[in-house]
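Chemist: So that you have it, the file is structure01.pdb, and it contains PDB, C-alpha atoms, pLDDT in the B column:
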```
ATOM      1  CA  MET H  34     128.141 193.740  89.332  1.00 79.00           C
ATOM      2  CA  SER H  35     125.154 196.072  89.626  1.00 79.00           C
ATOM      3  CA  VAL H  36     124.734 195.169  93.291  1.00 82.00           C
ATOM      4  CA  ALA H  37     128.410 195.858  93.947  1.00 80.00           C
ATOM      5  CA  MET H  38     128.250 199.185  92.097  1.00 78.00           C
ATOM      6  CA  ASP H  39     125.135 200.199  94.001  1.00 74.00           C
ATOM      7  CA  ALA H  40     126.712 199.318  97.351  1.00 76.00           C
ATOM      8  CA  MET H  41     129.941 201.097  96.503  1.00 74.00           C
ATOM      9  CA  ALA H  42     128.095 204.194  95.339  1.00 70.00           C
ATOM     10  CA  ARG H  43     125.891 204.308  98.404  1.00 70.00           C
ATOM     11  CA  HIS H  44     128.854 204.071 100.754  1.00 72.00           C
ATOM     12  CA  HIS H  45     131.120 206.366  98.771  1.00 69.00           C
ATOM     13  CA  PHE H  46     128.574 209.010  97.864  1.00 65.00           C
ATOM     14  CA  ASP H  47     126.922 209.056 101.268  1.00 61.00           C
ATOM     15  CA  SER H  48     130.049 210.620 102.665  1.00 57.00           C
ATOM     16  CA  VAL H  49     130.396 213.010  99.747  1.00 56.00           C
ATOM     17  CA  ALA H  50     126.646 213.739  99.568  1.00 56.00           C
ATOM     18  CA  ASP H  51     126.692 213.926  95.760  1.00 75.00           C
ATOM     19  CA  THR H  52     123.019 213.388  94.970  1.00 81.00           C
ATOM     20  CA  HIS H  53     123.416 213.647  91.180  1.00 82.00           C
ATOM     21  CA  ALA H  54     126.092 210.946  91.112  1.00 82.00           C
ATOM     22  CA  ARG H  55     123.971 208.754  93.382  1.00 83.00           C
ATOM     23  CA  GLU H  56     120.999 209.183  91.040  1.00 86.00           C
ATOM     24  CA  LEU H  57     123.134 208.203  88.021  1.00 88.00           C
ATOM     25  CA  ILE H  58     124.291 205.068  89.835  1.00 88.00           C
ATOM     26  CA  GLN H  59     120.712 204.144  90.773  1.00 88.00           C
ATOM     27  CA  ILE H  60     119.563 204.482  87.160  1.00 92.00           C
ATOM     28  CA  ALA H  61     122.533 202.495  85.875  1.00 93.00           C
ATOM     29  CA  THR H  62     122.143 199.665  88.390  1.00 93.00           C
ATOM     30  CA  LYS H  63     118.389 199.419  87.785  1.00 94.00           C
ATOM     31  CA  HIS H  64     118.835 199.025  84.041  1.00 95.00           C
ATOM     32  CA  GLN H  65     121.846 196.753  84.394  1.00 95.00           C
ATOM     33  CA  SER H  66     119.983 194.426  86.774  1.00 93.00           C
ATOM     34  CA  LEU H  67     116.873 194.300  84.588  1.00 95.00           C
ATOM     35  CA  HIS H  68     118.842 193.521  81.455  1.00 96.00           C
ATOM     36  CA  ALA H  69     121.079 191.005  83.227  1.00 95.00           C
ATOM     37  CA  LEU H  70     117.898 189.089  84.061  1.00 94.00           C
ATOM     38  CA  ALA H  71     116.792 189.472  80.446  1.00 94.00           C
ATOM     39  CA  LEU H  72     120.138 187.967  79.392  1.00 94.00           C
ATOM     40  CA  VAL H  73     119.430 184.913  81.549  1.00 93.00           C
ATOM     41  CA  ALA H  74     116.079 184.538  79.780  1.00 90.00           C
ATOM     42  CA  VAL H  75     117.779 184.991  76.403  1.00 93.00           C
ATOM     43  CA  ALA H  76     120.297 182.262  77.261  1.00 90.00           C
ATOM     44  CA  LEU H  77     117.483 179.877  78.185  1.00 87.00           C
ATOM     45  CA  LEU H  78     115.543 180.752  75.030  1.00 86.00           C
ATOM     46  CA  ALA H  79     118.596 180.321  72.806  1.00 84.00           C
ATOM     47  CA  GLU H  80     118.666 176.607  73.610  1.00 81.00           C
ATOM     48  CA  ARG H  81     115.015 176.228  72.633  1.00 78.00           C
ATOM     49  CA  ALA H  82     114.785 178.412  69.527  1.00 75.00           C
ATOM     50  CA  GLY H  83     112.429 176.554  67.229  1.00 74.00           C
ATOM     51  CA  THR H  84     113.478 178.114  63.926  1.00 79.00           C
ATOM     52  CA  VAL H  85     116.626 179.584  62.437  1.00 85.00           C
ATOM     53  CA  TRP H  86     115.048 183.053  62.439  1.00 85.00           C
ATOM     54  CA  ALA H  87     114.024 182.755  66.071  1.00 84.00           C
ATOM     55  CA  GLY H  88     117.547 181.681  66.987  1.00 87.00           C
ATOM     56  CA  ARG H  89     119.089 184.608  65.142  1.00 91.00           C
ATOM     57  CA  ALA H  90     116.654 187.067  66.705  1.00 91.00           C
ATOM     58  CA  VAL H  91     117.437 185.709  70.171  1.00 92.00           C
ATOM     59  CA  ALA H  92     121.169 186.082  69.471  1.00 93.00           C
ATOM     60  CA  VAL H  93     120.693 189.678  68.297  1.00 96.00           C
ATOM     61  CA  SER H  94     118.665 190.348  71.422  1.00 96.00           C
ATOM     62  CA  GLY H  95     121.389 189.015  73.692  1.00 96.00           C
ATOM     63  CA  TRP H  96     124.159 190.996  72.031  1.00 97.00           C
ATOM     64  CA  ALA H  97     122.027 194.143  72.038  1.00 97.00           C
ATOM     65  CA  PHE H  98     121.423 193.751  75.774  1.00 97.00           C
ATOM     66  CA  VAL H  99     125.160 193.344  76.379  1.00 97.00           C
ATOM     67  CA  ALA H 100     125.886 196.453  74.285  1.00 97.00           C
ATOM     68  CA  GLY H 101     123.177 198.350  76.140  1.00 97.00           C
ATOM     69  CA  ILE H 102     124.591 197.418  79.525  1.00 96.00           C
ATOM     70  CA  LEU H 103     128.093 198.476  78.495  1.00 94.00           C
ATOM     71  CA  LEU H 104     127.077 201.714  76.787  1.00 95.00           C
ATOM     72  CA  PHE H 105     124.142 202.859  78.925  1.00 95.00           C
ATOM     73  CA  SER H 106     125.076 201.671  82.401  1.00 93.00           C
ATOM     74  CA  GLY H 107     128.807 201.940  81.775  1.00 91.00           C
ATOM     75  CA  SER H 108     128.519 205.555  80.650  1.00 92.00           C
ATOM     76  CA  LEU H 109     126.359 206.470  83.627  1.00 91.00           C
ATOM     77  CA  TYR H 110     128.854 204.814  86.000  1.00 88.00           C
ATOM     78  CA  GLY H 111     131.663 206.742  84.341  1.00 88.00           C
ATOM     79  CA  LEU H 112     129.792 210.025  84.605  1.00 88.00           C
ATOM     80  CA  ALA H 113     128.955 209.385  88.255  1.00 84.00           C
ATOM     81  CA  PHE H 114     132.592 208.716  89.096  1.00 82.00           C
ATOM     82  CA  GLY H 115     133.859 211.704  87.122  1.00 83.00           C
ATOM     83  CA  CYS H 116     135.462 209.834  84.223  1.00 81.00           C
ATOM     84  CA  PRO H 117     135.996 212.329  81.390  1.00 69.00           C
ATOM     85  CA  LEU H 118     135.876 209.609  78.712  1.00 71.00           C
ATOM     86  CA  ALA H 119     132.323 208.576  79.571  1.00 64.00           C
ATOM     87  CA  GLY H 120     130.346 211.212  77.780  1.00 71.00           C
ATOM     88  CA  PRO H 121     126.622 211.695  77.844  1.00 80.00           C
ATOM     89  CA  ALA H 122     126.664 211.074  74.080  1.00 84.00           C
ATOM     90  CA  LEU H 123     127.056 207.305  74.636  1.00 88.00           C
ATOM     91  CA  VAL H 124     124.029 206.930  76.892  1.00 91.00           C
ATOM     92  CA  PRO H 125     121.421 207.205  74.087  1.00 92.00           C
ATOM     93  CA  PHE H 126     123.264 204.544  72.065  1.00 95.00           C
ATOM     94  CA  GLY H 127     122.983 202.230  75.041  1.00 95.00           C
ATOM     95  CA  GLY H 128     119.285 203.005  75.380  1.00 96.00           C
ATOM     96  CA  GLY H 129     118.880 202.343  71.671  1.00 97.00           C
ATOM     97  CA  ALA H 130     120.635 199.007  72.080  1.00 97.00           C
ATOM     98  CA  PHE H 131     118.181 198.087  74.840  1.00 97.00           C
ATOM     99  CA  ILE H 132     115.291 198.910  72.508  1.00 97.00           C
ATOM    100  CA  VAL H 133     116.832 196.832  69.712  1.00 97.00           C
ATOM    101  CA  GLY H 134     117.214 193.959  72.170  1.00 97.00           C
ATOM    102  CA  TRP H 135     113.560 194.028  73.182  1.00 96.00           C
ATOM    103  CA  LEU H 136     112.407 194.345  69.560  1.00 96.00           C
ATOM    104  CA  ALA H 137     114.611 191.403  68.567  1.00 95.00           C
ATOM    105  CA  LEU H 138     113.141 189.378  71.422  1.00 92.00           C
ATOM    106  CA  LEU H 139     109.663 190.261  70.144  1.00 92.00           C
ATOM    107  CA  ALA H 140     110.713 189.181  66.646  1.00 91.00           C
ATOM    108  CA  ALA H 141     111.948 185.886  68.071  1.00 88.00           C
ATOM    109  CA  ALA H 142     108.579 185.329  69.766  1.00 85.00           C
ATOM    110  CA  ILE H 143     106.766 186.035  66.497  1.00 87.00           C
ATOM    111  CA  ALA H 144     109.104 183.740  64.540  1.00 84.00           C
ATOM    112  CA  TRP H 145     108.605 181.075  67.179  1.00 78.00           C
ATOM    113  CA  GLN H 146     104.835 181.099  66.656  1.00 71.00           C
ATOM    114  CA  ARG H 147     105.119 180.332  62.936  1.00 62.00           C
TER     115      ARG H 147
END
```
With the file now loaded, output its structure as structure tokens.
Modeler:
Amino acid sequence: MSVAMDAMARHHFDSVADTHARELIQIATKHQSLHALALVAVALLAERAGTVWAGRAVAVSGWAFVAGILLFSGSLYGLAFGCPLAGPALVPFGGGAFIVGWLALLAAAIAWQR
């Protein structure tokens, strides 16, 4: 989806020459792509979680990444396309969800070592 959004934004905003909207799309697609790859890793790790705590931490990580993609990238897409419902207030919650996801993945790694 991030590739499609990036392509659509580049073609649409090239004609409009809206550099701020293009920048928002680039930020959103970068973070969405990175965390989509992290979700693939989380899915692979979920099958191999050695302990109950590691499994729960991996699950929290995955859901936090999904929430981050929806809130962070989704809000930036909405702002870029002029959607009044996508307020800048949601973007920090998405960033916070990304942080929670990475911390939960770290907790899973620590729990795995025990």
Chemist: What's the 10 Å shell around Trp86 (chain H), counting only C-alpha atoms, without same-chain residues fewer than 5 positions away, as a PDB file with C-alpha atoms, in the coordinates of the input?
Modeler:
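Listing of around-v6.pdb after writing:
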```
ATOM      1  CA  VAL H  91     117.437 185.709  70.171  1.00 92.00           C
ATOM      2  CA  ALA H  92     121.169 186.082  69.471  1.00 93.00           C
ATOM      3  CA  ALA H 140     110.713 189.181  66.646  1.00 91.00           C
ATOM      4  CA  ALA H 141     111.948 185.886  68.071  1.00 88.00           C
ATOM      5  CA  ILE H 143     106.766 186.035  66.497  1.00 87.00           C
ATOM      6  CA  ALA H 144     109.104 183.740  64.540  1.00 84.00           C
ATOM      7  CA  TRP H 145     108.605 181.075  67.179  1.00 78.00           C
TER       8      TRP H 145
END
```
Chemist: Which neighbours of Ala74 (chain H) fall inside 10 Å, counting only C-alpha atoms, when residues of the same chain fewer than 5 positions from it are skipped, and could you give them as a short mmCIF file (atom, residue, chain, number, x, y, z; two decimals) with C-alpha atoms, in the frame of the given file?
Modeler:
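Wrote selection_38.cif, looks like this:
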```cif
data_model
loop_
_atom_site.label_atom_id
_atom_site.label_comp_id
_atom_site.auth_asym_id
_atom_site.auth_seq_id
_atom_site.Cartn_x
_atom_site.Cartn_y
_atom_site.Cartn_z
CA HIS H 68 118.84 193.52 81.46
CA ALA H 69 121.08 191.00 83.23
CA ALA H 79 118.60 180.32 72.81
CA VAL H 91 117.44 185.71 70.17
CA GLY H 95 121.39 189.02 73.69
#
```
Chemist: List, as a compact mmCIF listing (two decimals) with C-alpha atoms, keeping the file's coordinate frame, every residue that the PyMOL selection byres ((chain H and resi 121-137) around 7) selects in the file provided.
Modeler:
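The result, stored in part-v2.txt:
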```txt
# COMPACT_ATOMS: atom_id res chain seq x y z
CA ALA H 90 116.65 187.07 66.70
CA VAL H 91 117.44 185.71 70.17
CA VAL H 93 120.69 189.68 68.30
CA SER H 94 118.66 190.35 71.42
CA GLY H 95 121.39 189.02 73.69
CA ALA H 97 122.03 194.14 72.04
CA PHE H 98 121.42 193.75 75.77
CA ALA H 100 125.89 196.45 74.28
CA GLY H 101 123.18 198.35 76.14
CA ILE H 102 124.59 197.42 79.53
CA LEU H 104 127.08 201.71 76.79
CA PHE H 105 124.14 202.86 78.92
CA SER H 108 128.52 205.56 80.65
CA ALA H 119 132.32 208.58 79.57
CA GLY H 120 130.35 211.21 77.78
CA LEU H 138 113.14 189.38 71.42
CA LEU H 139 109.66 190.26 70.14
CA ALA H 140 110.71 189.18 66.65
CA ALA H 141 111.95 185.89 68.07
```
Chemist: Once the PyMOL selection byres ((chain H and resi 38) around 10) has been evaluated on this model, what residues remain selected, and can you format them as a list in words?
Modeler: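 Expected selection for the PyMOL selection byres ((chain H and resi 38) around 10) here is Met34, Ser35, Val36, Ala37, Asp39, Ala40, Met41, Ala42, Arg43, His44, Ile58, Gln59, Ala61, Thr62 and Tyr110 of chain H.
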Chemist: Between H:Ala87, H:Leu67, H:Ala54, H:Ala142, single out the one closest to Val99 (chain H), counting all atoms listed in the file.
Modeler: H:Leu67
Chemist: Please, what distance in Å, to one decimal, runs between CA of Glu56 (chain H) and CA of Phe114 (chain H)?
Modeler: 11.8 Å
Chemist: Please compute the CA of Gln65 (chain H)-CA of Leu103 (chain H) distance, one decimal, in Å.
Modeler: 8.8 Å
Chemist: Could you work out how far CA of Trp96 (chain H) lies from CA of Ala82 (chain H), giving the answer in Å with one decimal?
Modeler: 15.9 Å
Chemist: Kindly compute an axis-aligned box around the listed atoms of region 101-111 of chain H, allowing 5 Å on each side, and express its centre and edge lengths in Å to one decimal as AutoDock Vina command-line options.
Modeler:
```
--center_x 127.4 --center_y 202.1 --center_z 81.1 --size_x 18.5 --size_y 19.3 --size_z 19.9
```
Chemist: Using all atoms listed in the file, which of H:Gly115, H:Thr52, H:Gly88, H:Ser106 sits nearest Val75 (chain H)?
Modeler: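 Between H:Gly115, H:Thr52, H:Gly88, H:Ser106, the residue approaching Val75 (chain H) most closely is H:Gly88.
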Chemist: Just checking: using all atoms listed in the file, which residue out of H:Leu112, H:Leu118, H:Leu77, H:Thr84 ends up closest to Ile60 (chain H)?
Modeler: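 Closest candidate: H:Leu112.
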Chemist: Could I get region 51-89 of chain H from the block written as a PDB file, in the first residue's frame, with C-alpha atoms?
Modeler:
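Dumped everything to result_29.pdb:
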```pdb
ATOM      1  CA  ASP H  51       2.172  20.827  -3.522  1.00  0.00           C
ATOM      2  CA  THR H  52       5.541  20.245  -1.877  1.00  0.00           C
ATOM      3  CA  HIS H  53       4.181  20.043   1.686  1.00  0.00           C
ATOM      4  CA  ALA H  54       1.695  17.320   0.757  1.00  0.00           C
ATOM      5  CA  ARG H  55       4.416  15.442  -1.121  1.00  0.00           C
ATOM      6  CA  GLU H  56       6.672  15.624   1.942  1.00  0.00           C
ATOM      7  CA  LEU H  57       3.883  14.263   4.178  1.00  0.00           C
ATOM      8  CA  ILE H  58       3.361  11.354   1.785  1.00  0.00           C
ATOM      9  CA  GLN H  59       7.098  10.594   1.705  1.00  0.00           C
ATOM     10  CA  ILE H  60       7.273  10.511   5.506  1.00  0.00           C
ATOM     11  CA  ALA H  61       4.162   8.347   5.749  1.00  0.00           C
ATOM     12  CA  THR H  62       5.300   5.844   3.117  1.00  0.00           C
ATOM     13  CA  LYS H  63       8.784   5.574   4.640  1.00  0.00           C
ATOM     14  CA  HIS H  64       7.416   4.729   8.073  1.00  0.00           C
ATOM     15  CA  GLN H  65       4.695   2.478   6.702  1.00  0.00           C
ATOM     16  CA  SER H  66       7.200   0.477   4.636  1.00  0.00           C
ATOM     17  CA  LEU H  67       9.653   0.128   7.522  1.00  0.00           C
ATOM     18  CA  HIS H  68       6.987  -1.045   9.932  1.00  0.00           C
ATOM     19  CA  ALA H  69       5.385  -3.358   7.372  1.00  0.00           C
ATOM     20  CA  LEU H  70       8.752  -5.121   7.176  1.00  0.00           C
ATOM     21  CA  ALA H  71       8.884  -5.160  10.974  1.00  0.00           C
ATOM     22  CA  LEU H  72       5.447  -6.822  10.952  1.00  0.00           C
ATOM     23  CA  VAL H  73       6.812  -9.587   8.721  1.00  0.00           C
ATOM     24  CA  ALA H  74       9.615 -10.129  11.241  1.00  0.00           C
ATOM     25  CA  VAL H  75       7.093 -10.105  14.094  1.00  0.00           C
ATOM     26  CA  ALA H  76       4.996 -12.743  12.314  1.00  0.00           C
ATOM     27  CA  LEU H  77       8.052 -14.964  11.884  1.00  0.00           C
ATOM     28  CA  LEU H  78       9.085 -14.450  15.511  1.00  0.00           C
ATOM     29  CA  ALA H  79       5.588 -15.182  16.809  1.00  0.00           C
ATOM     30  CA  GLU H  80       5.884 -18.774  15.602  1.00  0.00           C
ATOM     31  CA  ARG H  81       9.179 -19.222  17.438  1.00  0.00           C
ATOM     32  CA  ALA H  82       8.517 -17.423  20.723  1.00  0.00           C
ATOM     33  CA  GLY H  83      10.287 -19.513  23.328  1.00  0.00           C
ATOM     34  CA  THR H  84       8.365 -18.374  26.401  1.00  0.00           C
ATOM     35  CA  VAL H  85       4.882 -17.132  27.184  1.00  0.00           C
ATOM     36  CA  TRP H  86       6.259 -13.668  27.979  1.00  0.00           C
ATOM     37  CA  ALA H  87       8.185 -13.516  24.725  1.00  0.00           C
ATOM     38  CA  GLY H  88       5.061 -14.517  22.816  1.00  0.00           C
ATOM     39  CA  ARG H  89       2.976 -11.851  24.519  1.00  0.00           C
TER      40      ARG H  89
END
```
